[in-house]
Amino acid sequence: MTERFDAIVVGAGQAGPALAGRLTGAGIRVALVERDRIGGTCVNTGCTPTKAMVASAHAAHIARRAADFGVSAGSVSVDLAAVVRRAQDIAARSRHNNEHWLEGMAGLTLIRGHARFVAPKEMVVGDRRITAPRIFLNVGGRPARPDLTGIGSVPTLDNAGILALETVPQHLVVVGGSYIGVEFAQMFRRFGAAVTIVETGPRLIGREDEEISAAIHAMLEAEGVAIRIGATCIALSPAEGGVAVGLDCQGGPPKVIGSHVLLATGRRPNTDDLGLEIAGIELDAHGYITVNDRLEASADGIWALGDCNGRGAFTHTAWNDFEIVAANLLDGEDRRVSQRVPGYALYTDPPLGRVGMTVAQAKASGRPLLVSTRPMSRVGRAIEKGETIGLMQLVADAETRMILGAAILGTGGDEAIHGILDMMSAERTIDELRWAVPIHPTVAELIPTLIVDAQPV
Ligand SMILES: Cc1cc2nc3c(=O)[nH]c(=O)nc-3n(C[C@H](O)[C@H](O)[C@H](O)COP(=O)(O)OP(=O)(O)OC[C@H]3O[C@@H](n4cnc5c(N)ncnc54)[C@H](O)[C@@H]3O)c2cc1C
Ligand SMILES: NC(=O)c1ccc[n+]([C@@H]2O[C@H](COP(=O)([O-])OP(=O)(O)OC[C@H]3O[C@@H](n4cnc5c(N)ncnc54)[C@H](O)[C@@H]3O)[C@@H](O)[C@H]2O)c1
């Protein structure tokens, strides 16, 4: 027998549960289907445990640097099992809070299992058949597994597997020098592992401006991370003491031997096992569900939210997708994903806070620009904290005076960037931001100075 609901939500990651909450609150009967752990990637194997581990790595780093601050801390050692336990406990608390909330949600039927379309508005989950006039897909993504020669012949780690390690690897080879790769590389170096990053591109985190990539490269090298850029991992094979990582590279040895290998070569959407073709739901060339500006898919009555729609790759973008869909359906609003000012942080230490365009993107747009850059070594708060690595940079349109983008790589950069992100969201000009009176001593207090110092490009 087919069970009828007013709405089906597939995936209890970052958008699904919140949407279920709003829908049930409006008297809509919802089936929420989750095949794995409530909370999805962010809570279980992404943001939450990794940022908890970044905090442990920071503690080890500061303890080693204690003498710089006139403090004696003795010798520093890291108990990885305790680090991981702490991170897993924090993730479990978050997951349990979510589970508790969903289990008590009036009007919600929580179904455990893998959902798949069998007709345009009908899905099967195990031996249950469910149908609803509206279906919301929040199915997220998973690590891409590159097609490397010999990949099946050796053990490899991904962002989930690495959270199960109990001892510090002797030598961790990180394949992929982008967001996931550099966060894990720095933290495992600080836990005491030898670390080598192997990156195909000519620089780390290639989507950022060259100055940012260069500063992060220098910071990691200064901590002892070996970096092989312009080196593509093409093969993996067993070697004495671990894994041989075969490289196609211009310079340097064609092989790196590590005790462990982390694959951080990107993510792919969970859209290949949903039966989307049966429902007439179109995908783009990379497997993301095609959506319009209101996050409606190509088939009537279907929405796609979060990482699976390719319009964002972050927890806050998944959450904003929920806000857009809920506001449009329940509050009579006309919210669109194109209204979102894109921002994110990379949690190296110090972190990179980013919003809007890079300087390279702004230059490519052909506008007249104002650009301003300040090294963190000229920021009082950073000097006082003994953390002067990094820089802050802002780019604005010289004619309209609108801020186009900014980066703050430095202590507190993930927080300070909001001073600019909020002004961009409110569509205010640099002239208005210039007259803010920020608090001293902070990193954000230099934002008006950045504006005063901006030069035409
Ligand atoms: C290591 C790492 C660190 C990260 N750090 C950050 C960070 O610091 N900040 C940040 O903003 N983002 C970060 N991200 C990205 C962030 O985790 C994702 O953008 C976010 O989780 C996306 O949420 P989502 O709801 O779209 O998908 P997910 O959280 O992936 O949730 C999708 C859910 O759908 C379920 N599902 C899939 N298919 C089906 C099906 N057919 N039937 C039933 N259930 C199904 C899955 O089991 C999963 O629970 C990180 C990611 C990784 C991997
Ligand atoms: N702080 C955050 O918000 C945060 C942190 C981690 C991850 N994430 C999310 O996770 C997503 C995925 O991150 P990611 O870093 O895995 O992917 P990515 O797509 O950003 O980068 C993958 C990197 O791997 C390299 N690569 C691919 N194949 C290779 C090979 N064979 N040899 C060497 N290098 C190779 C690519 O050149 C690229 O630099 C990000 O887009 C981001 O949204 C966010």
# chains A, B, ... in the order shown; residues from 1 in each chain; ligands from 1
>>> select_by_dssp(residues="region 38-128 of chain A", states="helix (DSSP H, G or I)", output="PDB file with N, CA and C atoms, in the first residue's frame")
ATOM      1  N   GLY A  40      23.758  14.568   8.488  1.00  0.00           N
ATOM      2  CA  GLY A  40      24.474  14.531   7.210  1.00  0.00           C
ATOM      3  C   GLY A  40      25.975  14.757   7.346  1.00  0.00           C
ATOM      4  N   THR A  41      26.560  15.255   6.284  1.00  0.00           N
ATOM      5  CA  THR A  41      28.012  15.405   6.198  1.00  0.00           C
ATOM      6  C   THR A  41      28.539  16.368   7.251  1.00  0.00           C
ATOM      7  N   CYS A  42      27.937  17.539   7.343  1.00  0.00           N
ATOM      8  CA  CYS A  42      28.492  18.603   8.196  1.00  0.00           C
ATOM      9  C   CYS A  42      28.658  18.125   9.633  1.00  0.00           C
ATOM     10  N   VAL A  43      27.577  17.566  10.173  1.00  0.00           N
ATOM     11  CA  VAL A  43      27.586  17.189  11.589  1.00  0.00           C
ATOM     12  C   VAL A  43      28.472  15.964  11.839  1.00  0.00           C
ATOM     13  N   ASN A  44      28.427  14.989  10.923  1.00  0.00           N
ATOM     14  CA  ASN A  44      29.044  13.695  11.221  1.00  0.00           C
ATOM     15  C   ASN A  44      30.469  13.523  10.711  1.00  0.00           C
ATOM     16  N   CYS A  47      32.103  19.612   8.767  1.00  0.00           N
ATOM     17  CA  CYS A  47      32.444  20.818   9.523  1.00  0.00           C
ATOM     18  C   CYS A  47      32.691  20.539  11.014  1.00  0.00           C
ATOM     19  N   THR A  48      31.721  19.886  11.661  1.00  0.00           N
ATOM     20  CA  THR A  48      31.765  19.794  13.131  1.00  0.00           C
ATOM     21  C   THR A  48      32.991  19.018  13.623  1.00  0.00           C
ATOM     22  N   PRO A  49      33.193  17.757  13.210  1.00  0.00           N
ATOM     23  CA  PRO A  49      34.380  17.063  13.725  1.00  0.00           C
ATOM     24  C   PRO A  49      35.688  17.690  13.237  1.00  0.00           C
ATOM     25  N   THR A  50      35.717  18.211  11.989  1.00  0.00           N
ATOM     26  CA  THR A  50      37.001  18.751  11.518  1.00  0.00           C
ATOM     27  C   THR A  50      37.347  20.038  12.268  1.00  0.00           C
ATOM     28  N   LYS A  51      36.350  20.878  12.518  1.00  0.00           N
ATOM     29  CA  LYS A  51      36.691  22.119  13.226  1.00  0.00           C
ATOM     30  C   LYS A  51      37.044  21.840  14.683  1.00  0.00           C
ATOM     31  N   ALA A  52      36.468  20.779  15.253  1.00  0.00           N
ATOM     32  CA  ALA A  52      36.877  20.378  16.607  1.00  0.00           C
ATOM     33  C   ALA A  52      38.339  19.919  16.580  1.00  0.00           C
ATOM     34  N   MET A  53      38.727  19.191  15.536  1.00  0.00           N
ATOM     35  CA  MET A  53      40.119  18.721  15.440  1.00  0.00           C
ATOM     36  C   MET A  53      41.076  19.871  15.126  1.00  0.00           C
ATOM     37  N   VAL A  54      40.614  20.848  14.337  1.00  0.00           N
ATOM     38  CA  VAL A  54      41.440  22.041  14.089  1.00  0.00           C
ATOM     39  C   VAL A  54      41.727  22.738  15.421  1.00  0.00           C
ATOM     40  N   ALA A  55      40.734  22.733  16.323  1.00  0.00           N
ATOM     41  CA  ALA A  55      40.939  23.365  17.645  1.00  0.00           C
ATOM     42  C   ALA A  55      42.013  22.611  18.430  1.00  0.00           C
ATOM     43  N   SER A  56      42.007  21.266  18.354  1.00  0.00           N
ATOM     44  CA  SER A  56      43.050  20.482  19.042  1.00  0.00           C
ATOM     45  C   SER A  56      44.420  20.789  18.441  1.00  0.00           C
ATOM     46  N   ALA A  57      44.464  20.868  17.115  1.00  0.00           N
ATOM     47  CA  ALA A  57      45.741  21.154  16.439  1.00  0.00           C
ATOM     48  C   ALA A  57      46.249  22.540  16.826  1.00  0.00           C
ATOM     49  N   HIS A  58      45.328  23.489  16.965  1.00  0.00           N
ATOM     50  CA  HIS A  58      45.699  24.841  17.382  1.00  0.00           C
ATOM     51  C   HIS A  58      46.288  24.814  18.799  1.00  0.00           C
ATOM     52  N   ALA A  59      45.655  24.024  19.674  1.00  0.00           N
ATOM     53  CA  ALA A  59      46.149  23.932  21.057  1.00  0.00           C
ATOM     54  C   ALA A  59      47.581  23.392  21.071  1.00  0.00           C
ATOM     55  N   ALA A  60      47.837  22.355  20.244  1.00  0.00           N
ATOM     56  CA  ALA A  60      49.192  21.778  20.187  1.00  0.00           C
ATOM     57  C   ALA A  60      50.185  22.816  19.662  1.00  0.00           C
ATOM     58  N   HIS A  61      49.758  23.555  18.659  1.00  0.00           N
ATOM     59  CA  HIS A  61      50.636  24.557  18.034  1.00  0.00           C
ATOM     60  C   HIS A  61      50.987  25.668  19.031  1.00  0.00           C
ATOM     61  N   ILE A  62      49.975  26.160  19.721  1.00  0.00           N
ATOM     62  CA  ILE A  62      50.217  27.250  20.686  1.00  0.00           C
ATOM     63  C   ILE A  62      51.066  26.729  21.851  1.00  0.00           C
ATOM     64  N   ALA A  63      50.814  25.478  22.270  1.00  0.00           N
ATOM     65  CA  ALA A  63      51.629  24.910  23.360  1.00  0.00           C
ATOM     66  C   ALA A  63      53.101  24.843  22.944  1.00  0.00           C
ATOM     67  N   ARG A  64      53.349  24.458  21.677  1.00  0.00           N
ATOM     68  CA  ARG A  64      54.747  24.399  21.195  1.00  0.00           C
ATOM     69  C   ARG A  64      55.363  25.794  21.126  1.00  0.00           C
ATOM     70  N   ALA A  66      54.678  28.173  23.181  1.00  0.00           N
ATOM     71  CA  ALA A  66      54.413  28.837  24.468  1.00  0.00           C
ATOM     72  C   ALA A  66      55.522  29.814  24.846  1.00  0.00           C
ATOM     73  N   ALA A  67      56.783  29.422  24.580  1.00  0.00           N
ATOM     74  CA  ALA A  67      57.904  30.285  24.989  1.00  0.00           C
ATOM     75  C   ALA A  67      57.830  31.651  24.310  1.00  0.00           C
ATOM     76  N   ASP A  68      57.243  31.723  23.094  1.00  0.00           N
ATOM     77  CA  ASP A  68      57.092  33.021  22.407  1.00  0.00           C
ATOM     78  C   ASP A  68      56.279  33.997  23.245  1.00  0.00           C
ATOM     79  N   PHE A  69      55.417  33.438  24.110  1.00  0.00           N
ATOM     80  CA  PHE A  69      54.521  34.274  24.909  1.00  0.00           C
ATOM     81  C   PHE A  69      55.024  34.392  26.357  1.00  0.00           C
ATOM     82  N   LEU A  80      46.087  11.124  19.681  1.00  0.00           N
ATOM     83  CA  LEU A  80      45.109  11.264  18.596  1.00  0.00           C
ATOM     84  C   LEU A  80      43.773  10.617  18.959  1.00  0.00           C
ATOM     85  N   ALA A  81      43.833   9.501  19.684  1.00  0.00           N
ATOM     86  CA  ALA A  81      42.573   8.846  20.073  1.00  0.00           C
ATOM     87  C   ALA A  81      41.719   9.810  20.904  1.00  0.00           C
ATOM     88  N   ALA A  82      42.366  10.582  21.793  1.00  0.00           N
ATOM     89  CA  ALA A  82      41.610  11.535  22.617  1.00  0.00           C
ATOM     90  C   ALA A  82      41.101  12.708  21.769  1.00  0.00           C
ATOM     91  N   VAL A  83      41.933  13.127  20.817  1.00  0.00           N
ATOM     92  CA  VAL A  83      41.518  14.219  19.912  1.00  0.00           C
ATOM     93  C   VAL A  83      40.266  13.799  19.141  1.00  0.00           C
ATOM     94  N   VAL A  84      40.324  12.573  18.595  1.00  0.00           N
ATOM     95  CA  VAL A  84      39.206  12.081  17.777  1.00  0.00           C
ATOM     96  C   VAL A  84      37.975  11.861  18.653  1.00  0.00           C
ATOM     97  N   ARG A  85      38.191  11.339  19.862  1.00  0.00           N
ATOM     98  CA  ARG A  85      37.052  11.112  20.771  1.00  0.00           C
ATOM     99  C   ARG A  85      36.348  12.431  21.075  1.00  0.00           C
ATOM    100  N   ARG A  86      37.138  13.462  21.335  1.00  0.00           N
ATOM    101  CA  ARG A  86      36.547  14.786  21.608  1.00  0.00           C
ATOM    102  C   ARG A  86      35.713  15.254  20.407  1.00  0.00           C
ATOM    103  N   ALA A  87      36.286  15.114  19.213  1.00  0.00           N
ATOM    104  CA  ALA A  87      35.576  15.565  18.007  1.00  0.00           C
ATOM    105  C   ALA A  87      34.300  14.749  17.801  1.00  0.00           C
ATOM    106  N   GLN A  88      34.403  13.423  18.014  1.00  0.00           N
ATOM    107  CA  GLN A  88      33.222  12.570  17.808  1.00  0.00           C
ATOM    108  C   GLN A  88      32.151  12.866  18.850  1.00  0.00           C
ATOM    109  N   ASP A  89      32.578  13.190  20.076  1.00  0.00           N
ATOM    110  CA  ASP A  89      31.594  13.526  21.125  1.00  0.00           C
ATOM    111  C   ASP A  89      30.831  14.791  20.760  1.00  0.00           C
ATOM    112  N   ILE A  90      31.560  15.779  20.249  1.00  0.00           N
ATOM    113  CA  ILE A  90      30.912  17.043  19.878  1.00  0.00           C
ATOM    114  C   ILE A  90      29.922  16.787  18.735  1.00  0.00           C
ATOM    115  N   ALA A  91      30.355  15.973  17.757  1.00  0.00           N
ATOM    116  CA  ALA A  91      29.467  15.647  16.629  1.00  0.00           C
ATOM    117  C   ALA A  91      28.245  14.865  17.127  1.00  0.00           C
ATOM    118  N   ALA A  92      28.484  13.907  18.038  1.00  0.00           N
ATOM    119  CA  ALA A  92      27.368  13.072  18.531  1.00  0.00           C
ATOM    120  C   ALA A  92      26.343  13.921  19.278  1.00  0.00           C
ATOM    121  N   ARG A  93      26.817  14.894  20.063  1.00  0.00           N
ATOM    122  CA  ARG A  93      25.877  15.759  20.794  1.00  0.00           C
ATOM    123  C   ARG A  93      24.985  16.517  19.813  1.00  0.00           C
ATOM    124  N   SER A  94      25.614  17.040  18.765  1.00  0.00           N
ATOM    125  CA  SER A  94      24.850  17.781  17.773  1.00  0.00           C
ATOM    126  C   SER A  94      23.837  16.849  17.083  1.00  0.00           C
ATOM    127  N   ARG A  95      24.308  15.634  16.728  1.00  0.00           N
ATOM    128  CA  ARG A  95      23.413  14.678  16.052  1.00  0.00           C
ATOM    129  C   ARG A  95      22.240  14.299  16.964  1.00  0.00           C
ATOM    130  N   HIS A  96      22.544  14.040  18.233  1.00  0.00           N
ATOM    131  CA  HIS A  96      21.472  13.625  19.158  1.00  0.00           C
ATOM    132  C   HIS A  96      20.466  14.745  19.368  1.00  0.00           C
ATOM    133  N   ASN A  97      20.941  15.984  19.431  1.00  0.00           N
ATOM    134  CA  ASN A  97      20.002  17.111  19.567  1.00  0.00           C
ATOM    135  C   ASN A  97      19.045  17.146  18.380  1.00  0.00           C
ATOM    136  N   ASN A  98      19.614  16.944  17.180  1.00  0.00           N
ATOM    137  CA  ASN A  98      18.781  16.937  15.968  1.00  0.00           C
ATOM    138  C   ASN A  98      17.791  15.772  15.980  1.00  0.00           C
ATOM    139  N   GLU A  99      18.282  14.592  16.386  1.00  0.00           N
ATOM    140  CA  GLU A  99      17.404  13.410  16.420  1.00  0.00           C
ATOM    141  C   GLU A  99      16.245  13.637  17.386  1.00  0.00           C
ATOM    142  N   HIS A 100      16.598  14.179  18.561  1.00  0.00           N
ATOM    143  CA  HIS A 100      15.605  14.411  19.599  1.00  0.00           C
ATOM    144  C   HIS A 100      14.524  15.368  19.083  1.00  0.00           C
ATOM    145  N   TRP A 101      14.990  16.412  18.406  1.00  0.00           N
ATOM    146  CA  TRP A 101      14.075  17.421  17.859  1.00  0.00           C
ATOM    147  C   TRP A 101      13.133  16.787  16.818  1.00  0.00           C
ATOM    148  N   LEU A 102      13.712  15.999  15.921  1.00  0.00           N
ATOM    149  CA  LEU A 102      12.892  15.401  14.855  1.00  0.00           C
ATOM    150  C   LEU A 102      11.915  14.369  15.419  1.00  0.00           C
ATOM    151  N   GLU A 103      12.395  13.576  16.402  1.00  0.00           N
ATOM    152  CA  GLU A 103      11.520  12.533  16.948  1.00  0.00           C
ATOM    153  C   GLU A 103      10.298  13.136  17.640  1.00  0.00           C
TER     154      GLU A 103
END
>>> residues_near_ligand(ligand="ligand 2", cutoff="6 Å", atoms="only C-alpha atoms and all ligand atoms", output="count of residues only")
25
>>> select_by_dssp(residues="region 41-213 of chain A", states="strand (DSSP E)", output="PyMOL selection string")
chain A and resi 108-112+115-119+122-125+128-131+134-137+141-143+171-175+194-199
>>> write_last_selection(atoms="C-alpha atoms", output="mmCIF file, in the first residue's frame")
data_model
loop_
_atom_site.group_PDB
_atom_site.id
_atom_site.type_symbol
_atom_site.label_atom_id
_atom_site.label_comp_id
_atom_site.auth_asym_id
_atom_site.auth_seq_id
_atom_site.Cartn_x
_atom_site.Cartn_y
_atom_site.Cartn_z
ATOM 1 C CA LEU A 108 6.620 14.309 10.951
ATOM 2 C CA THR A 109 7.190 10.668 9.977
ATOM 3 C CA LEU A 110 10.914 9.903 10.099
ATOM 4 C CA ILE A 111 11.753 6.997 7.798
ATOM 5 C CA ARG A 112 15.166 5.319 7.920
ATOM 6 C CA ALA A 115 14.750 6.680 -0.960
ATOM 7 C CA ARG A 116 14.450 6.177 -4.711
ATOM 8 C CA PHE A 117 11.832 7.265 -7.258
ATOM 9 C CA VAL A 118 9.589 4.593 -8.786
ATOM 10 C CA ALA A 119 7.157 7.097 -10.376
ATOM 11 C CA GLU A 122 6.339 8.160 -5.680
ATOM 12 C CA MET A 123 9.367 6.732 -3.875
ATOM 13 C CA VAL A 124 10.315 3.430 -2.267
ATOM 14 C CA VAL A 125 12.260 3.168 0.968
ATOM 15 C CA ARG A 128 7.591 1.130 2.087
ATOM 16 C CA ARG A 129 6.078 3.098 -0.812
ATOM 17 C CA ILE A 130 5.440 6.774 -0.189
ATOM 18 C CA THR A 131 3.908 9.518 -2.310
ATOM 19 C CA ARG A 134 5.793 17.991 -3.262
ATOM 20 C CA ILE A 135 9.228 16.395 -2.925
ATOM 21 C CA PHE A 136 12.308 18.170 -1.573
ATOM 22 C CA LEU A 137 15.707 16.609 -2.315
ATOM 23 C CA GLY A 141 27.354 14.585 -1.729
ATOM 24 C CA ARG A 142 30.201 12.192 -1.051
ATOM 25 C CA PRO A 143 33.946 12.129 -1.733
ATOM 26 C CA HIS A 171 53.686 10.073 6.934
ATOM 27 C CA LEU A 172 50.335 11.247 5.562
ATOM 28 C CA VAL A 173 50.245 11.904 1.815
ATOM 29 C CA VAL A 174 47.331 14.202 0.990
ATOM 30 C CA VAL A 175 46.200 13.979 -2.639
ATOM 31 C CA ALA A 194 55.112 14.068 8.374
ATOM 32 C CA VAL A 195 52.773 15.418 5.684
ATOM 33 C CA THR A 196 53.107 15.777 1.915
ATOM 34 C CA ILE A 197 50.468 17.499 -0.222
ATOM 35 C CA VAL A 198 50.264 16.454 -3.876
ATOM 36 C CA GLU A 199 48.335 18.934 -6.048
#
>>> atom_distance(atom1="CA of Leu433 (chain A)", atom2="CA of Ile417 (chain A)")
13.0 Å
>>> closest_residue(among="A:Ser237, A:Thr315, A:Thr290, A:Ser72", to="ligand 1", atoms="only C-alpha atoms and all ligand atoms")
A:Thr315
>>> atom_distance(atom1="CA of Gly405 (chain A)", atom2="CA of Ala326 (chain A)")
28.3 Å
>>> residues_around(residues="region 371-378 of chain A", least_positions_apart="5", cutoff="7 Å", atoms="only C-alpha atoms", output="list in words")
Ile383, Thr388, Ile389, Gly390, Leu391, Met392, Gln393, Leu394, Val395, Ala396, Gly410, Leu450, Ile451, Asp453, Ala454, Gln455, Pro456 and Val457 of chain A
>>> closest_residue(among="A:Glu208, A:Ala398, A:Ala327, A:Cys249", to="Leu23 (chain A)", atoms="only C-alpha atoms")
A:Ala327
>>> atom_distance(atom1="CA of Leu369 (chain A)", atom2="CA of Glu399 (chain A)")
7.9 Å
>>> residues_around(residues="Gly258 (chain A)", least_positions_apart="2", cutoff="8 Å", atoms="only C-alpha atoms", output="MDAnalysis selection string")
chainID A and resid 170:173 241:245 256 260:261
>>> write_last_selection(atoms="N, CA and C atoms", output="CSV table (one decimal), in the first residue's frame")
chain,number,residue,atom,x,y,z
A,170,GLN,N,52.6,8.0,10.4
A,170,GLN,CA,54.0,8.4,10.3
A,170,GLN,C,54.2,9.4,9.2
A,171,HIS,N,53.6,9.2,8.1
A,171,HIS,CA,53.7,10.1,6.9
A,171,HIS,C,52.4,10.0,6.2
A,172,LEU,N,51.6,11.1,6.2
A,172,LEU,CA,50.3,11.2,5.6
A,172,LEU,C,50.5,11.9,4.2
A,173,VAL,N,50.2,11.3,3.1
A,173,VAL,CA,50.2,11.9,1.8
A,173,VAL,C,48.8,12.3,1.5
A,241,GLY,N,56.1,-0.4,4.3
A,241,GLY,CA,55.7,0.6,5.3
A,241,GLY,C,54.6,1.4,4.8
A,242,GLY,N,53.9,1.1,3.7
A,242,GLY,CA,52.7,1.9,3.4
A,242,GLY,C,52.3,1.8,1.9
A,243,VAL,N,52.2,3.0,1.4
A,243,VAL,CA,51.7,3.2,0.0
A,243,VAL,C,52.6,4.0,-0.8
A,244,ALA,N,52.8,3.6,-2.1
A,244,ALA,CA,53.6,4.4,-3.0
A,244,ALA,C,52.6,5.2,-3.8
A,245,VAL,N,52.8,6.5,-3.9
A,245,VAL,CA,51.9,7.4,-4.6
A,245,VAL,C,52.7,7.8,-5.9
A,256,VAL,N,56.1,9.3,-4.1
A,256,VAL,CA,56.2,9.6,-2.7
A,256,VAL,C,55.7,8.4,-2.0
A,260,HIS,N,50.2,6.5,5.1
A,260,HIS,CA,48.7,6.7,4.8
A,260,HIS,C,48.5,7.6,3.7
A,261,VAL,N,47.4,7.4,3.0
A,261,VAL,CA,47.0,8.4,1.9
A,261,VAL,C,45.6,8.9,2.1
>>> closest_residue(among="A:Leu32, A:Leu283, A:Ile257, A:Val437", to="Asn138 (chain A)", atoms="only C-alpha atoms")
A:Leu32
>>> closest_residue(among="A:Leu409, A:Leu276, A:Ala185, A:Met402", to="Ser213 (chain A)", atoms="only C-alpha atoms")
A:Leu409
>>> closest_residue(among="A:Gly70, A:Pro120, A:Gly380, A:Gly140", to="Gly39 (chain A)", atoms="only C-alpha atoms")
A:Gly140
>>> closest_residue(among="A:Asn292, A:Thr271, A:Thr358, A:Thr24", to="ligand 1", atoms="only C-alpha atoms and all ligand atoms")
A:Thr271
